[in-house]
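Heads up, input.tsv below (TSV, C-alpha atoms):
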chain	number	residue	atom	x	y	z
A	250	MET	CA	-1.21	-57.08	20.79
A	251	LYS	CA	-4.51	-55.32	21.40
A	252	LYS	CA	-2.72	-51.98	21.74
A	253	ILE	CA	-0.79	-52.63	18.52
A	254	ILE	CA	-4.00	-53.40	16.62
A	255	ILE	CA	-5.64	-50.25	17.96
A	256	GLY	CA	-2.57	-48.24	16.97
A	257	ILE	CA	-2.62	-49.68	13.44
A	258	ILE	CA	-6.33	-48.87	13.10
A	259	VAL	CA	-5.69	-45.28	14.20
A	260	ILE	CA	-2.80	-44.91	11.73
A	261	MET	CA	-4.84	-46.41	8.89
A	262	SER	CA	-7.71	-44.11	9.76
A	263	ILE	CA	-5.47	-41.06	9.50
A	264	ILE	CA	-3.84	-42.28	6.28
A	265	SER	CA	-7.19	-43.08	4.71
A	266	PHE	CA	-8.28	-39.50	5.13
A	267	ALA	CA	-4.92	-38.02	4.08
A	268	ILE	CA	-6.05	-37.81	0.45
A	269	LYS	CA	-8.51	-35.07	1.40
A	270	SER	CA	-6.62	-31.84	1.00
A	271	ASP	CA	-6.87	-28.29	-0.33
A	272	ILE	CA	-3.37	-28.56	-1.81
A	273	VAL	CA	-3.08	-29.10	-5.56
A	274	PRO	CA	-1.04	-32.32	-5.94
A	275	GLN	CA	2.27	-32.36	-7.76
A	276	HIS	CA	2.23	-33.09	-11.47
A	277	ASP	CA	3.78	-36.24	-12.86
A	278	LYS	CA	7.50	-35.99	-13.47
A	279	GLY	CA	8.47	-34.14	-16.62
A	280	LEU	CA	6.88	-31.41	-18.71
A	281	PHE	CA	3.27	-30.51	-17.92
A	282	VAL	CA	0.69	-28.21	-19.48
A	283	ASN	CA	-2.67	-27.30	-17.96
A	284	PHE	CA	-5.37	-24.70	-18.50
A	285	GLU	CA	-3.33	-21.86	-17.00
A	286	SER	CA	0.37	-22.73	-16.92
A	287	ILE	CA	3.23	-24.69	-18.41
A	288	GLY	CA	6.04	-26.11	-16.36
A	289	TYR	CA	8.37	-28.92	-15.41
A	290	SER	CA	8.16	-31.28	-12.44
A	291	VAL	CA	11.13	-33.13	-10.97
A	292	SER	CA	11.62	-34.78	-7.59
A	293	ASN	CA	9.58	-32.69	-5.10
A	294	LEU	CA	9.96	-29.48	-7.12
A	295	GLU	CA	7.91	-27.76	-9.81
A	296	ILE	CA	8.81	-24.70	-11.85
A	297	SER	CA	6.12	-23.09	-13.98
A	298	THR	CA	4.92	-19.96	-15.72
A	299	ALA	CA	1.55	-18.72	-16.92
A	300	PRO	CA	2.17	-17.66	-20.54
A	301	LEU	CA	-1.16	-15.95	-21.21
A	302	PRO	CA	-0.45	-12.90	-18.98
A	303	ASP	CA	2.78	-12.36	-20.95
A	304	ILE	CA	0.62	-10.95	-23.72
A	305	LEU	CA	-0.48	-8.21	-21.32
A	306	GLY	CA	3.05	-7.51	-20.13
A	307	VAL	CA	2.85	-9.58	-16.94
A	308	TYR	CA	5.95	-11.80	-16.93
A	309	ASN	CA	5.81	-14.39	-14.18
A	310	LEU	CA	7.55	-17.42	-12.73
A	311	GLY	CA	6.61	-19.81	-9.93
A	312	LEU	CA	8.34	-22.45	-7.82
A	313	ARG	CA	6.63	-25.09	-5.69
A	314	TYR	CA	8.32	-27.47	-3.28
A	315	TYR	CA	6.31	-30.31	-1.75
A	316	LEU	CA	7.57	-31.10	1.75
A	317	THR	CA	4.87	-33.80	1.83
A	318	ASP	CA	1.58	-34.32	0.01
A	319	LEU	CA	-0.03	-32.13	2.68
A	320	MET	CA	2.67	-29.46	3.08
A	321	VAL	CA	3.84	-27.14	0.31
A	322	LEU	CA	6.15	-24.15	-0.08
A	323	ASN	CA	5.33	-21.79	-2.94
A	324	ILE	CA	7.25	-18.82	-4.33
A	325	ASN	CA	5.97	-16.80	-7.26
A	326	GLY	CA	6.92	-13.44	-8.65
A	327	GLY	CA	6.78	-11.30	-11.70
A	328	ILE	CA	7.42	-8.03	-13.45
A	329	ILE	CA	4.64	-5.97	-15.00
A	330	ASP	CA	5.33	-3.67	-17.93
A	331	PRO	CA	2.33	-1.30	-17.95
A	332	PHE	CA	3.09	-0.02	-21.46
A	333	VAL	CA	2.68	-3.35	-23.27
A	334	PHE	CA	-1.13	-3.41	-23.33
A	335	PRO	CA	-1.54	0.23	-24.48
A	336	SER	CA	0.90	-0.48	-27.32
A	337	TYR	CA	-1.73	-2.77	-28.89
A	338	PHE	CA	-3.86	0.33	-29.42
A	339	GLY	CA	-1.09	2.30	-31.07
A	340	GLN	CA	0.17	4.13	-27.99
A	341	ALA	CA	3.92	4.62	-28.19
A	342	ARG	CA	6.17	3.62	-25.33
A	343	PRO	CA	7.59	6.68	-23.49
A	344	ASP	CA	11.16	7.39	-24.54
A	345	ASN	CA	12.00	9.64	-21.59
A	346	GLY	CA	12.04	6.97	-18.89
A	347	TYR	CA	10.51	3.73	-17.73
A	348	LEU	CA	8.12	2.28	-15.18
A	349	TYR	CA	7.98	-1.31	-13.96
A	350	ILE	CA	5.83	-2.90	-11.29
A	351	TYR	CA	7.06	-6.04	-9.55
A	352	TYR	CA	5.78	-8.49	-7.00
A	353	LEU	CA	7.10	-11.45	-5.03
A	354	ASN	CA	4.95	-13.81	-2.95
A	355	GLY	CA	5.98	-16.72	-0.79
A	356	TYR	CA	3.83	-18.95	1.35
A	357	ASN	CA	3.76	-22.15	3.34
A	358	HIS	CA	0.43	-23.99	3.28
A	359	ASN	CA	-0.33	-27.06	5.36
A	360	ASN	CA	-3.35	-29.36	5.45
A	361	PHE	CA	-3.19	-31.69	8.46
A	362	ASN	CA	-5.86	-34.37	8.73
A	363	PHE	CA	-6.79	-36.20	11.93
A	364	GLY	CA	-9.51	-38.66	11.04
A	365	LYS	CA	-12.47	-36.57	9.94
A	366	PHE	CA	-10.98	-33.38	11.36
A	367	SER	CA	-8.58	-31.03	9.59
A	368	LEU	CA	-6.27	-28.19	10.52
A	369	LYS	CA	-5.20	-25.84	7.75
A	370	THR	CA	-2.48	-23.24	8.30
A	371	HIS	CA	-1.21	-20.63	5.87
A	372	ALA	CA	1.63	-18.14	6.32
A	373	GLN	CA	2.46	-15.71	3.52
A	374	ALA	CA	4.83	-12.81	2.92
A	375	SER	CA	4.44	-10.53	-0.09
A	376	MET	CA	6.42	-7.69	-1.61
A	377	TYR	CA	4.92	-5.21	-4.07
A	378	GLY	CA	6.95	-2.42	-5.62
A	379	ILE	CA	7.67	-0.07	-8.47
A	380	ILE	CA	10.82	1.11	-10.22
A	381	MET	CA	10.62	4.23	-12.31
A	382	LYS	CA	12.83	6.75	-14.05
A	383	VAL	CA	11.84	10.03	-15.66
A	384	LYS	CA	14.36	11.98	-17.72
A	385	GLU	CA	13.47	15.38	-19.07
A	386	GLN	CA	15.71	18.17	-20.37
A	387	ASP	CA	16.74	19.56	-16.99
A	388	LEU	CA	15.35	16.87	-14.71
A	389	GLN	CA	16.20	13.27	-13.96
A	390	PHE	CA	14.09	11.47	-11.39
A	391	ASN	CA	14.63	7.94	-10.08
A	392	LEU	CA	12.36	6.19	-7.62
A	393	GLY	CA	12.18	2.76	-6.07
A	394	LEU	CA	9.33	1.94	-3.72
A	395	ASN	CA	8.11	-1.30	-2.19
A	396	SER	CA	6.04	-2.58	0.69
A	397	ILE	CA	6.26	-5.89	2.54
A	398	ILE	CA	3.10	-7.47	3.89
A	399	ALA	CA	2.54	-10.53	6.07
A	400	LYS	CA	-0.76	-12.38	6.19
A	401	GLY	CA	-2.07	-15.81	7.05
A	402	PHE	CA	-4.89	-17.89	8.41
A	403	SER	CA	-5.70	-20.91	10.52
A	404	GLN	CA	-8.79	-23.06	9.99
A	405	LEU	CA	-10.40	-26.04	11.67
A	406	GLY	CA	-12.59	-28.31	9.57
A	407	TYR	CA	-14.72	-31.43	9.71
A	408	TYR	CA	-15.21	-33.75	6.74
A	409	ILE	CA	-18.87	-34.65	6.37
A	410	THR	CA	-17.84	-36.80	3.41
A	411	ASP	CA	-14.54	-37.24	1.58
A	412	SER	CA	-15.41	-34.26	-0.64
A	413	LEU	CA	-17.53	-32.10	1.70
A	414	GLU	CA	-16.08	-30.12	4.61
A	415	ILE	CA	-17.42	-27.57	7.07
A	416	PHE	CA	-14.87	-25.12	8.43
A	417	GLY	CA	-14.21	-22.08	10.56
A	418	GLY	CA	-11.11	-20.00	11.07
A	419	ILE	CA	-9.35	-16.68	11.51
A	420	GLU	CA	-7.32	-14.66	9.00
A	421	GLY	CA	-5.11	-11.63	9.59
A	422	GLY	CA	-2.56	-9.36	7.95
A	423	TYR	CA	-0.07	-6.60	8.78
A	424	LEU	CA	2.18	-4.13	6.94
A	425	LEU	CA	5.74	-5.01	7.90
A	426	ALA	CA	7.74	-2.36	6.06
A	427	VAL	CA	7.80	0.34	3.41
A	428	ASN	CA	11.11	0.97	1.63
A	429	VAL	CA	11.87	4.03	-0.48
A	430	ASN	CA	14.95	4.73	-2.58
A	431	PRO	CA	16.24	7.40	-2.41
A	432	ASP	CA	15.49	7.71	1.29
A	433	PRO	CA	13.40	10.87	1.83
A	434	ASP	CA	15.06	11.43	5.24
A	435	ASP	CA	11.95	13.25	6.41
A	436	PRO	CA	10.57	12.90	9.97
A	437	ASP	CA	7.05	13.57	8.69
A	438	PHE	CA	7.39	10.74	6.18
A	439	ASP	CA	8.67	8.40	8.89
A	440	ALA	CA	5.69	9.32	11.06
A	441	PHE	CA	3.35	8.68	8.13
A	442	ILE	CA	4.81	5.20	7.58
A	443	LYS	CA	4.57	4.40	11.29
A	444	LYS	CA	0.91	5.38	11.32
A	445	ALA	CA	0.28	3.33	8.17
A	446	LYS	CA	1.78	0.27	9.85
A	447	ASP	CA	-0.19	0.85	13.05
A	448	ASP	CA	-3.43	1.18	11.09
A	449	SER	CA	-2.75	-1.77	8.79
A	450	LEU	CA	-3.59	-4.67	11.10
A	451	TYR	CA	-6.79	-6.48	10.19
A	452	SER	CA	-8.46	-9.68	11.27
A	453	ILE	CA	-11.51	-11.50	9.96
A	454	SER	CA	-13.18	-14.80	10.71
A	455	ARG	CA	-14.59	-17.16	8.11
A	456	THR	CA	-17.02	-20.01	8.40
A	457	GLY	CA	-18.75	-22.08	5.76
A	458	ILE	CA	-18.81	-25.27	3.77
A	459	ARG	CA	-16.33	-26.44	1.14
A	460	PHE	CA	-16.75	-28.98	-1.64
A	461	TYR	CA	-13.78	-30.58	-3.42
A	462	SER	CA	-13.94	-31.86	-6.99
A	463	GLY	CA	-10.85	-33.50	-8.44
A	464	ASP	CA	-7.28	-32.41	-7.83
A	465	VAL	CA	-7.65	-28.73	-8.72
A	466	PHE	CA	-11.22	-27.50	-8.39
A	467	GLY	CA	-13.39	-26.77	-5.39
A	468	LEU	CA	-16.33	-24.68	-4.32
A	469	GLU	CA	-16.64	-22.71	-1.10
A	470	LEU	CA	-19.75	-21.08	0.33
A	471	GLY	CA	-18.99	-19.01	3.38
A	472	TYR	CA	-19.38	-15.88	5.46
A	473	ARG	CA	-16.69	-13.41	6.50
A	474	LEU	CA	-16.96	-11.38	9.70
A	475	THR	CA	-14.65	-8.46	10.47
A	476	LEU	CA	-12.95	-8.73	13.87
A	477	ILE	CA	-10.38	-5.95	13.50
A	478	GLN	CA	-10.88	-3.38	10.76
A	479	GLY	CA	-7.56	-2.26	9.33
A	480	ALA	CA	-6.23	-0.53	6.25
A	481	LEU	CA	-4.98	-3.80	4.75
A	482	GLN	CA	-8.41	-5.37	4.83
A	483	PHE	CA	-8.74	-4.60	1.12
A	484	LEU	CA	-6.06	-7.29	0.60
A	485	GLN	CA	-7.91	-9.99	2.53
A	486	GLY	CA	-8.51	-13.39	1.03
A	487	TYR	CA	-6.75	-15.67	-1.40
A	488	ASN	CA	-9.08	-16.27	-4.36
A	489	PRO	CA	-10.66	-14.30	-7.25
A	490	THR	CA	-13.94	-13.79	-5.38
A	491	ASP	CA	-12.03	-12.07	-2.59
A	492	TYR	CA	-10.17	-9.91	-5.11
A	493	LEU	CA	-13.46	-8.69	-6.63
A	494	TYR	CA	-14.79	-7.97	-3.16
A	495	ASN	CA	-11.59	-6.10	-2.32
A	496	SER	CA	-11.78	-4.02	-5.53
A	497	VAL	CA	-15.22	-2.74	-4.58
A	498	ARG	CA	-13.97	-1.90	-1.08
A	499	MET	CA	-10.94	-0.08	-2.50
A	500	ILE	CA	-13.18	2.12	-4.64
A	501	SER	CA	-15.23	2.95	-1.56
A	502	ILE	CA	-12.12	3.77	0.47
A	503	TYR	CA	-10.69	5.88	-2.37
A	504	THR	CA	-13.86	7.96	-2.70
A	505	GLN	CA	-13.93	8.48	1.07
A	506	ILE	CA	-10.37	9.79	0.99
A	507	LEU	CA	-11.32	12.21	-1.80
A	508	ASP	CA	-14.49	13.13	0.10
A	509	GLN	CA	-16.60	12.12	-2.88
A	510	GLU	CA	-19.76	10.08	-3.22
A	511	ASP	CA	-19.19	6.35	-3.53
A	512	PRO	CA	-20.46	5.31	-7.00
A	513	LEU	CA	-20.94	1.72	-5.81
A	514	LYS	CA	-22.72	2.38	-2.53
A	515	ASP	CA	-26.09	1.21	-3.87
A	516	ILE	CA	-24.70	-1.79	-5.75
A	517	ASN	CA	-25.33	-5.12	-4.04
A	518	ILE	CA	-24.12	-8.15	-5.99
A	519	PRO	CA	-24.83	-11.41	-4.14
A	520	PHE	CA	-21.67	-13.36	-3.25
A	521	ILE	CA	-19.44	-10.61	-4.73
A	522	THR	CA	-19.96	-7.37	-2.79
A	523	THR	CA	-21.50	-9.05	0.27
A	524	ASP	CA	-19.92	-10.60	3.35
A	525	TYR	CA	-21.33	-13.97	2.36
A	526	TYR	CA	-19.42	-15.30	-0.62
A	527	LEU	CA	-19.10	-18.08	-3.16
A	528	SER	CA	-15.73	-19.09	-4.54
A	529	PHE	CA	-14.77	-21.66	-7.17
A	530	THR	CA	-11.03	-21.57	-6.48
A	531	VAL	CA	-10.21	-22.89	-3.03
A	532	LYS	CA	-7.04	-24.94	-3.52
A	533	PHE	CA	-3.43	-23.85	-3.07
How would this structure read if it were set down as structure tokens?
Amino acid sequence: MKKIIIGIIVIMSIISFAIKSDIVPQHDKGLFVNFESIGYSVSNLEISTAPLPDILGVYNLGLRYYLTDLMVLNINGGIIDPFVFPSYFGQARPDNGYLYIYYLNGYNHNNFNFGKFSLKTHAQASMYGIIMKVKEQDLQFNLGLNSIIAKGFSQLGYYITDSLEIFGGIEGGYLLAVNVNPDPDDPDFDAFIKKAKDDSLYSISRTGIRFYSGDVFGLELGYRLTLIQGALQFLQGYNPTDYLYNSVRMISIYTQILDQEDPLKDINIPFITTDYYLSFTVKF
């Protein structure tokens, strides 16, 4: 009996902390509308779209499947028409071809809680590509190009309170493939792709403190430390703060490639261009 009571206490302890999670909970069954998307929830599945980007020519769709409250599968993708936004300023759409950008992301995110401790794992695969056609008088050019990237992280955390967590973990990413149609059938191109893959691997560590507020919002104050510097490091992270940080790094890398002076080298914006960061979007 004593062992049974102890077992029940342990189970209740784990369950009592199971509400603490960095996963956005599923909406109530039926149609839902929030500040960024509209969708429909049924059983363990949600389908949604963010209508505002449609105005800019970014047409998107997302699917979420909740394995449990603490385990989610997410697939989202979209097509970008780069000529929609310029058309608002009177620029005509080209009539001698087309250009579309597309993307497809899929990830599995888990938040396991063991009393006051947590283990968060994230595995993600992404495809980014373009499809274009140019047709002139004596020339017709078709091109399809995409790259496939894998990235993920693992974090250990400790809940100081139900809404306050300290954490530390490792993140990494790698270029899996580059596909071109038509195939260039060029040994030099194959060597270039091989080198790009070899140089793509990156790894960083993160540590910090995270505060949860409600089902959707959270705040994270942390520090990122580069362990392995790779070409894909400009794609690190999973939130808007990381994307701003990456944009600054991309400009620096681009100017280095062109052997030009970096226009942002003297710009130091706290929490944005620095390795210590502040993010207001920390849930998946």
| request: Can you work out the spacing between CA of Ala480 (chain A) and CA of Met376 (chain A) in Å, to one decimal? | output: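 Taking CA of Ala480 (chain A) as the start and CA of Met376 (chain A) as the end point, the length is 16.5 Å.
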| request: One decimal, Å: what's the distance from CA of Ile324 (chain A) over to CA of Gly355 (chain A), could you say? | output: 4.3 Å
| query | What is the CA of Asp524 (chain A)-CA of Thr490 (chain A) distance in Å, reported with one decimal? | reply |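 A separation of 11.1 Å between them.
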| task | Give me the residues within 6 Å of region 491-495 of chain A as a PyMOL selection string, counting all atoms listed in the file and dropping any in the same chain fewer than 6 places off. | result | chain A and resi 483+521-522
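For Gly326 (chain A), the non-local neighbours within 7 Å, defined as residues at least 3 positions apart in the same chain or in other chains and counting all atoms listed in the file, are Asn309, Leu310, Gly311, Tyr352, Leu353 and Asn354 of chain A.
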Non-local contacts of Leu348 (chain A) (12 Å; all atoms listed in the file; under 4 positions in same chain excluded) as a PDB file with C-alpha atoms, keeping the file's coordinate frame:
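Final output, saved to selection-v8.pdb:
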ATOM      1  CA  ILE A 328       7.420  -8.030 -13.450  1.00  0.00           C
ATOM      2  CA  ILE A 329       4.640  -5.970 -15.000  1.00  0.00           C
ATOM      3  CA  ASP A 330       5.330  -3.670 -17.930  1.00  0.00           C
ATOM      4  CA  PRO A 331       2.330  -1.300 -17.950  1.00  0.00           C
ATOM      5  CA  PHE A 332       3.090  -0.020 -21.460  1.00  0.00           C
ATOM      6  CA  VAL A 333       2.680  -3.350 -23.270  1.00  0.00           C
ATOM      7  CA  ARG A 342       6.170   3.620 -25.330  1.00  0.00           C
ATOM      8  CA  PRO A 343       7.590   6.680 -23.490  1.00  0.00           C
ATOM      9  CA  ASP A 344      11.160   7.390 -24.540  1.00  0.00           C
ATOM     10  CA  GLY A 378       6.950  -2.420  -5.620  1.00  0.00           C
ATOM     11  CA  ILE A 379       7.670  -0.070  -8.470  1.00  0.00           C
ATOM     12  CA  ILE A 380      10.820   1.110 -10.220  1.00  0.00           C
ATOM     13  CA  MET A 381      10.620   4.230 -12.310  1.00  0.00           C
ATOM     14  CA  LYS A 382      12.830   6.750 -14.050  1.00  0.00           C
ATOM     15  CA  VAL A 383      11.840  10.030 -15.660  1.00  0.00           C
ATOM     16  CA  LYS A 384      14.360  11.980 -17.720  1.00  0.00           C
ATOM     17  CA  PHE A 390      14.090  11.470 -11.390  1.00  0.00           C
ATOM     18  CA  ASN A 391      14.630   7.940 -10.080  1.00  0.00           C
ATOM     19  CA  LEU A 392      12.360   6.190  -7.620  1.00  0.00           C
ATOM     20  CA  GLY A 393      12.180   2.760  -6.070  1.00  0.00           C
ATOM     21  CA  LEU A 394       9.330   1.940  -3.720  1.00  0.00           C
TER      22      LEU A 394
END
| said: I need every residue sitting at most 10 Å from the point (-0.4, -25.7, -19.7) (coordinates as in the file, only C-alpha atoms considered), written as a PyMOL selection string. | reply: chain A and resi 280-288+297-301
| Quick one: residues within 12 Å of Ile409 (chain A), all atoms listed in the file counted, chain neighbours fewer than 2 positions away excluded, as JSON, numbers by chain? | {"A": [266, 269, 364, 365, 366, 367, 406, 407, 411, 412, 413, 414, 415, 416, 458, 459, 460, 461]}
| message | Just want the 10 Å neighbourhood of Thr523 (chain A), counted on all atoms listed in the file, with same-chain residues fewer than 5 positions away dropped. Output as a ChimeraX atom specification. | response | /A:472-473,494,516-518
| request: Could you tell me which of A:Lys400, A:Arg498, A:Lys443, A:Lys532 comes closest to Val321 (chain A) if we count only C-alpha atoms? | output: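 Of all the options, A:Lys532 lies closest to Val321 (chain A).
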